[in-house]
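Engineer: For reference, the structure I am asking about is given below.
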Number of protein chains: 4
Amino acid sequence: MRALRWGMVGGGLGAGIAPTHRRAASLDGRYALVAGAFSRDPERNRATGEELGIAADRVYPDFTAMAEAESRRADGIECVSVVTPNDTHAAASLAFIRKGVDVICDKPMATSLAEALAVEEAAAERGVLFALTHNYSAYPMVLEARYRVESGELGAIRVVTVEYAHGTRNRLIEAEGDAKMAWRVDAAIAGPSTVLGDIGTHAHHLLRAMTGLEIESLTADLSTMVPGRAADDNAFVNLRFQGGARGQLWASMVAAGNGHGLSIRVFGEKASLHWAQDNPDELFLRADGAPYRTLRRGEAYLCPTARHASRTKAGNPEGYFGAFANVYSDAAEVISARRDGRTADSLACAFATARDGVLGMAFIEAAVASHRNGGAWTGIGTRP
Amino acid sequence: MRALRWGMVGGGLGAGIAPTHRRAASLDGRYALVAGAFSRDPERNRATGEELGIAADRVYPDFTAMAEAESRRADGIECVSVVTPNDTHAAASLAFIRKGVDVICDKPMATSLAEALAVEEAAAERGVLFALTHNYSAYPMVLEARYRVESGELGAIRVVTVEYAHGTRNRLIEAEGDAKMAWRVDAAIAGPSTVLGDIGTHAHHLLRAMTGLEIESLTADLSTMVPGRAADDNAFVNLRFQGGARGQLWASMVAAGNGHGLSIRVFGEKASLHWAQDNPDELFLRADGAPYRTLRRGEAYLCPTARHASRTKAGNPEGYFGAFANVYSDAAEVISARRDGRTADSLACAFATARDGVLGMAFIEAAVASHRNGGAWTGIGTRP
Amino acid sequence: MRALRWGMVGGGLGAGIAPTHRRAASLDGRYALVAGAFSRDPERNRATGEELGIAADRVYPDFTAMAEAESRRADGIECVSVVTPNDTHAAASLAFIRKGVDVICDKPMATSLAEALAVEEAAAERGVLFALTHNYSAYPMVLEARYRVESGELGAIRVVTVEYAHGTRNRLIEAEGDAKMAWRVDAAIAGPSTVLGDIGTHAHHLLRAMTGLEIESLTADLSTMVPGRAADDNAFVNLRFQGGARGQLWASMVAAGNGHGLSIRVFGEKASLHWAQDNPDELFLRADGAPYRTLRRGEAYLCPTARHASRTKAGNPEGYFGAFANVYSDAAEVISARRDGRTADSLACAFATARDGVLGMAFIEAAVASHRNGGAWTGIGTRP
Amino acid sequence: MRALRWGMVGGGLGAGIAPTHRRAASLDGRYALVAGAFSRDPERNRATGEELGIAADRVYPDFTAMAEAESRRADGIECVSVVTPNDTHAAASLAFIRKGVDVICDKPMATSLAEALAVEEAAAERGVLFALTHNYSAYPMVLEARYRVESGELGAIRVVTVEYAHGTRNRLIEAEGDAKMAWRVDAAIAGPSTVLGDIGTHAHHLLRAMTGLEIESLTADLSTMVPGRAADDNAFVNLRFQGGARGQLWASMVAAGNGHGLSIRVFGEKASLHWAQDNPDELFLRADGAPYRTLRRGEAYLCPTARHASRTKAGNPEGYFGAFANVYSDAAEVISARRDGRTADSLACAFATARDGVLGMAFIEAAVASHRNGGAWTGIGTRP
């Protein structure tokens, strides 16, 4: 099992999510970091490269130079991770896609639906993988849930509730010098809805990944709860799905004391599934008239996809790094297989695609439109 | 501590909720059942009276005859419980109120706001108590939550989520001969929304009782998930409160596998409170930056109202009968005190009032109006 | 369904457990309290009778006078509850048994095995019921557990762990004026082991009730953790059962912060059962290689005995009063049936018998003997 | 931060725990695997080296050859992990210690106390680190618990209960071809007690790591529950600690349905701590008379050691790999610091030492002696 030659855009020392990307990539040994454009600050860029053991000549001032130079090397990177603020996701991805480099990009895919569509189109044309790190949807028990839904165990789905509500921004922390928050309240960088772009898209993707349902229309109430904040920080979205099911999505940054706060419940005709990220190794399956069942990661009775996504025996909590690593390792399998001319393991599917990212942006734009239109029911479209 | 002379309207053998009313009334020994109009079916009426040890001459064919006859007896009933289907709540209550008998009524208060207002007015004029059995709001830890909210421990409230979602009607049980469901899907008996009248009002009252917030406007999406059902069975309601807080209320009878399904979360500037009826003796208080706290029924650190509402030491789960008994015992205290010419214990407050019932009906009517109007934001008013 | 004429020995105002006995007896309406010897303090005795609405001439100075007088009345009591400190359990029970009055007695049965055997023998001779209020074993889900064990769902039982460990006596509260504790540290009143007599017997009976196993031999380590205490307050007991299973029982009054603290786990060849009193409506059934199952009170899939012991639908927590009421109502059924010359409902079995009480005393005496003998394995016998 | 040159003894493809060691070592990037003696089977040894990208000339037939060859290389390994069956732990460790190579060894340290003492002495003489992978004691919340105990928040400790009881060997799996179990039931390989050596030592070390208590004497009941098994599979051990506290330790492989099954409770004069490996990011702190507290990994209020041992924000479950990585990364810090002539970070302490391993072996030998002596109280000594 060879390691892919891998680069990173963003992720300078002190950045929030980049160490998680690096840990996730390392867990199964399928990536070797060999190049980067880690920071627009030259000194921070240099120091990050040194800390990570990257050759100095492969630490680049920006993603354009990096895409250019790496594509000319015989041993140039095969894939790249884009872990910058939202407004460069599309541009950086396009730069590498156009050079034939596979892209793993942090969510949301872009700051507008139009940008997202452009990236999707470019990746399709060039034949490279564009994967989004919707890591929460890559937990084994989420994959098991999807399997149970598809197998018909719940009957037709009637109601879905999903929420991603934490409280870590329930003060005006952007005024207290929190750099990670500062850009998130700038619509030019974060996109039209901070709360939906930052965490709502995770909830939106989890819902789609677990149920296979697609939203037909929605009504949204976006609000700003923290006085002085320039962006929204709470969103209630009611959903009508194709086929008649109903649902609600709550995204909030002001749910004081709520921990991480991502959970989902899927109610079908016969039974329901309940899952929460703070206890990710368990999936609760509840059918009326029968004892409740708790399915556990690592057990032999799980579906092949869930077992593929698991590394240790049941009872040892695999956690956040395991799920994030599933995104990376499954992307590595697809990338390696194509590059090596073999068929990829069909179980390697724990990552979101360009289409998922496009639908995420369409969701955000529809919610913003509904809110501005007094909460009117608004259809979802993927063409502007 | 004397027992009140007490009557019951409805609650013939086999009825759903009446045995719970009788158990709740017995737990603290403050009621003696001496009269009743238990059923419109004469034989069932008679048999119920006999089973309950009621003198045959105080088992009446209907509530009108009962109100008339009892009000003429020197030892006539002092208070009555109305546990009939919704459409007679108002009429039966009025019959007794006009005779000066205190009334304890099952929820919802009526089938329309107009009816509810008439009952409220009559009780005020006659100076008797009208209490609604919103038993779920009478748990000690709900009272403690109210105290914590009022004391400012959460800061200003920003978001509230409440739900009462069970799955016991996720099949067309009204077509399978379930009599308790049959009348609930008949709008003439149950009122304009089955799901809101039957369980939504419990959630609505719990929210108000715990937070003190009043709804300014709402948007509702009511739906019927079980094919063939003549009534709604799922409701998503988004809420805007006076003062700017936001919330959502979910009421459902088709949440397969969801157990009883009543829970609430209150998020303030600094902390949140979480409570669920399936674990009623615990209240979760979570402040950002501090260890989570679990408050437990029966502990000395609770507020006087919560301690008043509790009978056993912490760790012995007091449960559903304890909470229901709180409604009855606190109502008995208020009724007895007025009748005996003394001041009632100020801690005896674990019951809903006529005003609460009126607001419950206003909530239902606003939700139905919003839904019919394409989900438009609709204000709450208590005058038709 | 007639109410039994019922008396009470002990339970003066302010007593700990007596109000629970009275609430438990009232919940299903099968007892009418008509006589009592509530306190050795004449004024307290009188006031208690008045508060409870007992005719003054049926409030007696002591149980001897009460047994004598009531047995001469045509409308004398049919049954009596003994809720005094441990040292009068046997004597009071014998006084009534000898008059043909059925007895419901708080645990432990006596202060010695010899006393317990005398009571057992007397009840058998006179043909009356002697029931012990091991209320924790009367929860519906404990009855369900017993059914599952008997049905072979676990396979042969291999290991059982049971504990009753709370922390409410982790200070020297007997020196702070806590009267309820004062007599418990006096071996002349409480018996040879305070911790085993007060709570260890509950754990011991729960173990036997749930598993059907009988102890063959044990080794015990009793200790006094609170400096200055005259009695033991912590006990670790290792168990060898007839048939080869092993187990351990932990009883403690110094488990700071532990809540009520009664729980049990039963491990068989194929699966295990887990139950705890702080969440009594759920029973956890875990088989290797299968999803965990949670069985819930009130569901139709439970065994007839568990359904018989339940009053409300699943999801409404029935709690402590429900279980305690099961002891009373099942005892009432057996007593009434015999007195009325009919066959008792075979499901009415949620109470402990004289034999259970005898085995409880044998357990205590064996544990004390083992401890005094350096922890030697000591056999259980029921003949002194 | 440089990576240590690292070797591995054992851990051929298909081995149980070795991939976890490799993932743990990779998570923080402080180890580079460059040599190994992975298997006594030459082909498996070769294939493992190839899979892991090890140069062919550094894949050795046995640990003796490896220690010899690596110690002669300028770029020879600085540290080695020993992940073989128990009977070679001591010999392999000694081979590398004598060459000045730091050793990270799987538990138990040896198959006898005498062996363990020899290793301890050799490491002390040579001045190298000997670390044991008691990974469960390396969770951040275990470190926090130790801090809370030391700070006096619980008062003097009175009672400790710890258990490691799973059910994965509740059938005769060694007869079904489970190679990982086969050697564990061979006393010549596994040592004198299978259940204590395999999992009991984890519980023993967790107890010591969390409380700082040392055992004075113990009484043990070892048993074999699965018919046909050549080794013990269940152990109840009662403990008396220096200073007077009491405790019990339960180790079992036949606790059907019990999941992973490692948990601990520490009861002090004023409060208790509760922790379980299946929910490792939470630590429960319960003081009498105060709300229960839940401390959570990743929060700023934790002690410096707990924060040092944590990589992600609260709410993202860090899990098993995080804890195992703490052992590796802290060992790397100590090894690197000594080799680089600097002072190690004082927070790098999440690994067990040779002394801990010696005490683990002394615990096993005392338990076996007590059991053979009819459960007599037996003192713990570290000199044979």
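Just so we're on the same page: first chain in the structure tokens is A, next is B, and so on; residues restart at 1 for each chain, and ligands are numbered from 1 in the order they show up.
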Show which residues sit within 12 Å of Glu125 (chain B), as a compact mmCIF listing (two decimals) with all heavy atoms, in the first residue's frame. Count only C-alpha atoms, and ignore same-chain residues fewer than 2 positions away.
Structural biologist:
```
# COMPACT_ATOMS: atom_id res chain seq x y z
N LEU B 94 -68.14 24.77 32.69
CA LEU B 94 -69.06 25.88 32.94
C LEU B 94 -70.21 25.45 33.85
O LEU B 94 -70.63 26.21 34.74
CB LEU B 94 -69.62 26.39 31.60
CG LEU B 94 -68.64 27.26 30.81
CD1 LEU B 94 -69.19 27.51 29.40
CD2 LEU B 94 -68.39 28.59 31.53
N ILE B 97 -68.70 25.41 37.34
CA ILE B 97 -68.26 26.76 37.75
C ILE B 97 -69.47 27.58 38.17
O ILE B 97 -69.45 28.27 39.20
CB ILE B 97 -67.51 27.45 36.59
CG1 ILE B 97 -66.12 26.82 36.40
CG2 ILE B 97 -67.40 28.95 36.84
CD1 ILE B 97 -65.41 27.24 35.12
N ARG B 98 -70.53 27.51 37.38
CA ARG B 98 -71.72 28.32 37.68
C ARG B 98 -72.38 27.94 39.00
O ARG B 98 -73.15 28.71 39.57
CB ARG B 98 -72.71 28.21 36.52
CG ARG B 98 -72.22 29.01 35.31
CD ARG B 98 -72.99 28.73 34.05
NE ARG B 98 -72.40 29.47 32.94
CZ ARG B 98 -72.48 29.10 31.66
NH1 ARG B 98 -73.12 27.99 31.32
NH2 ARG B 98 -71.94 29.85 30.72
N LYS B 99 -72.07 26.72 39.47
CA LYS B 99 -72.59 26.30 40.77
C LYS B 99 -71.58 26.54 41.89
O LYS B 99 -71.79 26.10 43.03
CB LYS B 99 -72.96 24.82 40.74
CG LYS B 99 -74.03 24.44 39.72
CD LYS B 99 -75.38 25.07 40.05
CE LYS B 99 -76.47 24.58 39.10
NZ LYS B 99 -77.75 25.30 39.32
N GLY B 100 -70.47 27.18 41.55
CA GLY B 100 -69.47 27.47 42.58
C GLY B 100 -68.56 26.29 42.91
O GLY B 100 -67.88 26.29 43.93
N ALA B 118 -64.57 31.96 27.44
CA ALA B 118 -65.82 31.94 28.20
C ALA B 118 -65.63 31.26 29.55
O ALA B 118 -66.14 31.72 30.58
CB ALA B 118 -66.91 31.25 27.39
N VAL B 119 -64.89 30.17 29.55
CA VAL B 119 -64.63 29.46 30.80
C VAL B 119 -63.79 30.34 31.74
O VAL B 119 -64.08 30.45 32.94
CB VAL B 119 -63.92 28.12 30.53
CG1 VAL B 119 -63.47 27.49 31.84
CG2 VAL B 119 -64.84 27.18 29.76
N GLU B 120 -62.76 30.95 31.18
CA GLU B 120 -61.90 31.81 32.02
C GLU B 120 -62.73 32.90 32.68
O GLU B 120 -62.61 33.17 33.89
CB GLU B 120 -60.82 32.44 31.14
CG GLU B 120 -59.86 33.34 31.92
CD GLU B 120 -58.90 34.12 31.01
OE1 GLU B 120 -59.34 34.55 29.91
OE2 GLU B 120 -57.73 34.28 31.39
N GLU B 121 -63.58 33.52 31.89
CA GLU B 121 -64.40 34.62 32.40
C GLU B 121 -65.35 34.14 33.49
O GLU B 121 -65.49 34.78 34.55
CB GLU B 121 -65.19 35.21 31.23
CG GLU B 121 -65.83 36.55 31.53
CD GLU B 121 -66.50 37.14 30.27
OE1 GLU B 121 -66.54 36.43 29.24
OE2 GLU B 121 -66.95 38.29 30.33
N ALA B 122 -65.99 32.99 33.26
CA ALA B 122 -66.94 32.47 34.23
C ALA B 122 -66.27 32.15 35.56
O ALA B 122 -66.80 32.44 36.64
CB ALA B 122 -67.63 31.22 33.66
N ALA B 123 -65.10 31.53 35.49
CA ALA B 123 -64.39 31.18 36.72
C ALA B 123 -63.98 32.42 37.49
O ALA B 123 -64.06 32.47 38.73
CB ALA B 123 -63.16 30.33 36.39
N GLY B 127 -65.38 33.25 41.07
CA GLY B 127 -64.35 33.16 42.09
C GLY B 127 -63.94 31.74 42.44
O GLY B 127 -63.52 31.46 43.56
N VAL B 128 -64.04 30.83 41.49
CA VAL B 128 -63.58 29.46 41.76
C VAL B 128 -62.29 29.20 40.99
O VAL B 128 -61.93 29.93 40.08
CB VAL B 128 -64.65 28.41 41.36
CG1 VAL B 128 -65.94 28.64 42.15
CG2 VAL B 128 -64.90 28.41 39.86
N LEU B 129 -61.64 28.13 41.41
CA LEU B 129 -60.40 27.76 40.73
C LEU B 129 -60.71 26.94 39.49
O LEU B 129 -61.53 26.02 39.53
CB LEU B 129 -59.52 26.92 41.67
CG LEU B 129 -58.19 26.46 41.05
CD1 LEU B 129 -57.26 27.63 40.84
CD2 LEU B 129 -57.52 25.41 41.92
N PHE B 130 -60.05 27.28 38.40
CA PHE B 130 -60.05 26.41 37.22
C PHE B 130 -58.60 25.98 37.01
O PHE B 130 -57.73 26.83 36.71
CB PHE B 130 -60.59 27.14 35.98
CG PHE B 130 -60.55 26.27 34.75
CD1 PHE B 130 -61.62 25.45 34.42
CD2 PHE B 130 -59.44 26.25 33.93
CE1 PHE B 130 -61.58 24.62 33.30
CE2 PHE B 130 -59.38 25.42 32.81
CZ PHE B 130 -60.45 24.61 32.50
```
Engineer: For chain A, list the residues within 8 Å of chain D, counting only C-alpha atoms, and write the list as a list in words.
Structural biologist: Met1, Arg23, Ser26, Leu27, Asp28, Glu51, Gly259, His260, Gly261, Gln277, Asp278, Asn279, Pro280, Ala314, Gly315, Asn316, Pro317, Glu318, Gly319, Tyr320 and Phe321 of chain A
Engineer: Can you tell me, as a PyMOL selection string, what residues are no more than 12 Å from Leu132 (chain C) when counting only C-alpha atoms, ignoring any on the same chain fewer than 3 positions away?
Structural biologist: chain C and resi 21+80-83+89-90+93+102-110+116+119-120+129+135-138+201-202+205+324+327-328+330-331+349-358+360
Engineer: I need the chosen residues saved as a short mmCIF file (atom, residue, chain, number, x, y, z; two decimals), in the first residue's frame, with N, CA and C atoms.
Structural biologist:
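Output file again.cif follows:
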```
data_model
loop_
_atom_site.label_atom_id
_atom_site.label_comp_id
_atom_site.auth_asym_id
_atom_site.auth_seq_id
_atom_site.Cartn_x
_atom_site.Cartn_y
_atom_site.Cartn_z
N HIS C 21 -45.14 3.68 52.86
CA HIS C 21 -46.06 2.54 53.01
C HIS C 21 -47.49 2.99 52.78
N VAL C 80 -51.87 -6.08 58.90
CA VAL C 80 -51.14 -5.01 59.60
C VAL C 80 -49.77 -4.83 58.96
N SER C 81 -49.32 -3.59 58.95
CA SER C 81 -47.94 -3.33 58.51
C SER C 81 -47.09 -3.00 59.73
N VAL C 82 -45.92 -3.62 59.77
CA VAL C 82 -44.96 -3.39 60.85
C VAL C 82 -43.82 -2.54 60.30
N VAL C 83 -43.73 -1.30 60.75
CA VAL C 83 -42.72 -0.37 60.21
C VAL C 83 -41.90 0.25 61.33
N HIS C 89 -39.47 -6.03 64.87
CA HIS C 89 -40.12 -6.65 63.71
C HIS C 89 -40.70 -8.02 64.08
N ALA C 90 -39.88 -8.85 64.69
CA ALA C 90 -40.32 -10.23 64.96
C ALA C 90 -41.42 -10.26 66.01
N SER C 93 -44.70 -8.83 64.69
CA SER C 93 -45.26 -9.75 63.70
C SER C 93 -45.91 -10.94 64.39
N ASP C 102 -52.92 -11.03 58.91
CA ASP C 102 -51.82 -11.08 57.94
C ASP C 102 -50.85 -9.93 58.18
N VAL C 103 -49.58 -10.20 57.92
CA VAL C 103 -48.55 -9.22 58.28
C VAL C 103 -47.73 -8.81 57.05
N ILE C 104 -47.55 -7.50 56.93
CA ILE C 104 -46.62 -6.93 55.95
C ILE C 104 -45.56 -6.23 56.78
N CYS C 105 -44.30 -6.65 56.64
CA CYS C 105 -43.25 -6.19 57.56
C CYS C 105 -42.12 -5.55 56.78
N ASP C 106 -41.59 -4.46 57.31
CA ASP C 106 -40.41 -3.86 56.71
C ASP C 106 -39.21 -4.79 56.93
N LYS C 107 -38.23 -4.63 56.06
CA LYS C 107 -37.05 -5.47 56.19
C LYS C 107 -36.06 -4.82 57.13
N PRO C 108 -35.07 -5.53 57.68
CA PRO C 108 -34.94 -6.99 57.64
C PRO C 108 -36.00 -7.63 58.53
N MET C 109 -36.21 -8.90 58.32
CA MET C 109 -37.28 -9.61 59.00
C MET C 109 -37.13 -9.58 60.52
N ALA C 110 -35.87 -9.56 60.98
CA ALA C 110 -35.61 -9.70 62.41
C ALA C 110 -34.20 -9.22 62.69
N ALA C 116 -36.16 -14.93 63.06
CA ALA C 116 -36.81 -15.02 61.75
C ALA C 116 -37.45 -16.39 61.56
N VAL C 119 -40.74 -16.61 63.40
CA VAL C 119 -41.83 -15.92 62.71
C VAL C 119 -42.31 -16.77 61.53
N GLU C 120 -41.35 -17.31 60.77
CA GLU C 120 -41.72 -18.13 59.63
C GLU C 120 -42.61 -19.31 60.08
N LEU C 129 -50.45 -14.77 55.80
CA LEU C 129 -49.36 -14.30 54.95
C LEU C 129 -48.38 -13.46 55.76
N ASN C 135 -39.22 -3.73 48.43
CA ASN C 135 -39.88 -2.99 47.36
C ASN C 135 -39.05 -2.91 46.08
N TYR C 136 -37.72 -2.92 46.20
CA TYR C 136 -36.90 -2.76 45.00
C TYR C 136 -36.99 -3.97 44.08
N SER C 137 -37.35 -5.08 44.65
CA SER C 137 -37.49 -6.30 43.83
C SER C 137 -38.86 -6.37 43.17
N ALA C 138 -39.69 -5.37 43.40
CA ALA C 138 -41.07 -5.38 42.89
C ALA C 138 -41.25 -4.51 41.66
N THR C 201 -29.47 -6.45 52.79
CA THR C 201 -30.54 -7.44 52.56
C THR C 201 -31.37 -7.09 51.33
N HIS C 202 -31.52 -5.82 51.04
CA HIS C 202 -32.21 -5.45 49.79
C HIS C 202 -31.43 -5.99 48.58
N HIS C 205 -31.72 -9.78 48.47
CA HIS C 205 -33.01 -10.27 47.97
C HIS C 205 -33.17 -9.98 46.48
N PHE C 324 -43.36 0.06 45.11
CA PHE C 324 -43.75 -0.20 46.49
C PHE C 324 -45.23 -0.62 46.53
N VAL C 327 -45.86 -4.34 45.92
CA VAL C 327 -45.78 -5.20 47.10
C VAL C 327 -47.13 -5.21 47.82
N TYR C 328 -47.66 -4.02 48.03
CA TYR C 328 -48.92 -3.93 48.77
C TYR C 328 -50.09 -4.54 48.01
N ASP C 330 -50.14 -6.74 45.54
CA ASP C 330 -50.08 -8.19 45.38
C ASP C 330 -50.34 -8.89 46.70
N ALA C 331 -49.82 -8.33 47.78
CA ALA C 331 -50.14 -8.91 49.09
C ALA C 331 -51.64 -8.82 49.34
N CYS C 349 -47.28 -11.67 42.72
CA CYS C 349 -46.14 -12.31 43.38
C CYS C 349 -45.00 -11.34 43.67
N ALA C 350 -45.28 -10.05 43.65
CA ALA C 350 -44.19 -9.07 43.78
C ALA C 350 -43.83 -8.75 45.22
N PHE C 351 -43.91 -9.75 46.10
CA PHE C 351 -43.51 -9.49 47.49
C PHE C 351 -42.61 -10.62 47.96
N ALA C 352 -41.79 -10.31 48.94
CA ALA C 352 -40.92 -11.32 49.52
C ALA C 352 -41.67 -12.07 50.63
N THR C 353 -41.28 -13.30 50.84
CA THR C 353 -41.97 -14.16 51.79
C THR C 353 -41.14 -14.34 53.08
N ALA C 354 -41.71 -15.07 54.01
CA ALA C 354 -40.98 -15.38 55.24
C ALA C 354 -39.69 -16.15 54.93
N ARG C 355 -39.77 -17.04 53.95
CA ARG C 355 -38.58 -17.80 53.57
C ARG C 355 -37.48 -16.84 53.07
N ASP C 356 -37.87 -15.87 52.27
CA ASP C 356 -36.90 -14.87 51.80
C ASP C 356 -36.27 -14.13 52.97
N GLY C 357 -37.12 -13.80 53.95
CA GLY C 357 -36.61 -13.08 55.11
C GLY C 357 -35.65 -13.93 55.92
N VAL C 358 -35.95 -15.21 56.07
CA VAL C 358 -35.07 -16.13 56.79
C VAL C 358 -33.71 -16.21 56.09
N GLY C 360 -32.39 -14.01 54.23
CA GLY C 360 -31.71 -12.72 54.44
C GLY C 360 -30.97 -12.70 55.75
#
```
Engineer: With a distance cut-off of 8 Å and only C-alpha atoms, select the neighbouring residues of Arg293 (chain D), excluding the residue or stretch itself and same-chain residues fewer than 6 positions from it, and output the selection as a list in words.
Structural biologist: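 My list of contacting residues is Pro291, Tyr292, Arg293 and Thr294 of chain B; Phe284, Leu285 and Arg286 of chain D.
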Engineer: Keeping only all heavy atoms, write those residues as a CSV table (one decimal), in the first residue's frame.
Structural biologist:
```csv
chain,number,residue,atom,x,y,z
B,291,PRO,N,-17.7,22.8,34.4
B,291,PRO,CA,-18.3,21.4,34.3
B,291,PRO,C,-19.8,21.4,34.2
B,291,PRO,O,-20.4,22.3,34.7
B,291,PRO,CB,-17.8,20.8,35.6
B,291,PRO,CG,-16.6,21.6,36.0
B,291,PRO,CD,-16.9,23.0,35.5
B,292,TYR,N,-20.3,20.4,33.4
B,292,TYR,CA,-21.8,20.3,33.4
B,292,TYR,C,-22.3,19.9,34.8
B,292,TYR,O,-21.6,19.2,35.5
B,292,TYR,CB,-22.1,19.1,32.4
B,292,TYR,CG,-22.0,19.5,31.0
B,292,TYR,CD1,-22.2,18.5,30.0
B,292,TYR,CD2,-21.6,20.7,30.5
B,292,TYR,CE1,-22.1,18.8,28.7
B,292,TYR,CE2,-21.5,21.0,29.2
B,292,TYR,CZ,-21.8,20.0,28.2
B,292,TYR,OH,-21.7,20.3,26.9
B,293,ARG,N,-23.5,20.4,35.1
B,293,ARG,CA,-24.1,20.1,36.4
B,293,ARG,C,-25.4,19.3,36.2
B,293,ARG,O,-26.1,19.6,35.3
B,293,ARG,CB,-24.3,21.3,37.2
B,293,ARG,CG,-23.1,21.8,37.9
B,293,ARG,CD,-23.4,23.2,38.5
B,293,ARG,NE,-23.3,24.2,37.5
B,293,ARG,CZ,-23.7,25.5,37.7
B,293,ARG,NH1,-24.2,25.9,38.8
B,293,ARG,NH2,-23.7,26.4,36.7
B,294,THR,N,-25.6,18.3,37.0
B,294,THR,CA,-26.8,17.6,37.0
B,294,THR,C,-27.5,17.8,38.4
B,294,THR,O,-27.0,17.5,39.4
B,294,THR,CB,-26.6,16.1,36.8
B,294,THR,OG1,-25.9,15.9,35.6
B,294,THR,CG2,-27.9,15.3,36.8
D,284,PHE,N,-16.9,11.9,35.9
D,284,PHE,CA,-18.0,12.3,36.7
D,284,PHE,C,-17.5,12.6,38.1
D,284,PHE,O,-16.9,11.7,38.8
D,284,PHE,CB,-19.1,11.2,36.7
D,284,PHE,CG,-19.6,11.0,35.3
D,284,PHE,CD1,-19.1,9.9,34.5
D,284,PHE,CD2,-20.5,11.9,34.7
D,284,PHE,CE1,-19.5,9.7,33.2
D,284,PHE,CE2,-20.9,11.6,33.4
D,284,PHE,CZ,-20.4,10.6,32.6
D,285,LEU,N,-17.8,13.7,38.6
D,285,LEU,CA,-17.4,14.1,40.0
D,285,LEU,C,-18.7,14.4,40.8
D,285,LEU,O,-19.5,15.3,40.4
D,285,LEU,CB,-16.5,15.4,39.9
D,285,LEU,CG,-16.1,16.1,41.2
D,285,LEU,CD1,-15.4,15.1,42.1
D,285,LEU,CD2,-15.1,17.2,40.8
D,286,ARG,N,-18.9,13.6,41.8
D,286,ARG,CA,-20.1,13.7,42.6
D,286,ARG,C,-19.8,13.9,44.0
D,286,ARG,O,-19.3,13.1,44.7
D,286,ARG,CB,-20.9,12.4,42.4
D,286,ARG,CG,-21.3,12.1,41.0
D,286,ARG,CD,-22.0,10.8,40.8
D,286,ARG,NE,-22.4,10.7,39.4
D,286,ARG,CZ,-22.8,9.5,38.8
D,286,ARG,NH1,-22.9,8.5,39.6
D,286,ARG,NH2,-23.1,9.5,37.5
```
Engineer: Using DSSP secondary structure from the backbone, list all alpha helix (DSSP H) positions within region 10-216 of chain B, as a ChimeraX atom specification.
Structural biologist: /B:18-27,42-51,63-72,89-97,113-126,140-150,179-182,187-190,194-195,201-211
Engineer: DSSP on the backbone, then: every residue of region 22-203 of chain C marked strand (DSSP E or B), written as a PyMOL selection string.
Structural biologist: chain C and resi 31-37+59+79-82+102-105+130-132+157-165
Engineer: Contacts of Glu144 (chain B) at 7 Å or less, counting only C-alpha atoms, minus same-chain residues fewer than 2 places along, as number ranges by chain?
Structural biologist: B: 140-142, 146-148, 302-303, 306
Engineer: Please provide as a count of residues only all residues within 12 Å of Ile54 (chain D), with the sequence filter that same-chain residues fewer than 6 positions apart are discarded (counting only C-alpha atoms).
Structural biologist: 16
Engineer: Pick out the residues sitting within 9 Å of Val368 (chain D), and hand them over as number ranges by chain; count only C-alpha atoms, and ignore anything fewer than 5 positions along from it in its own chain.
Structural biologist: D: 192-193, 220-222, 363, 373
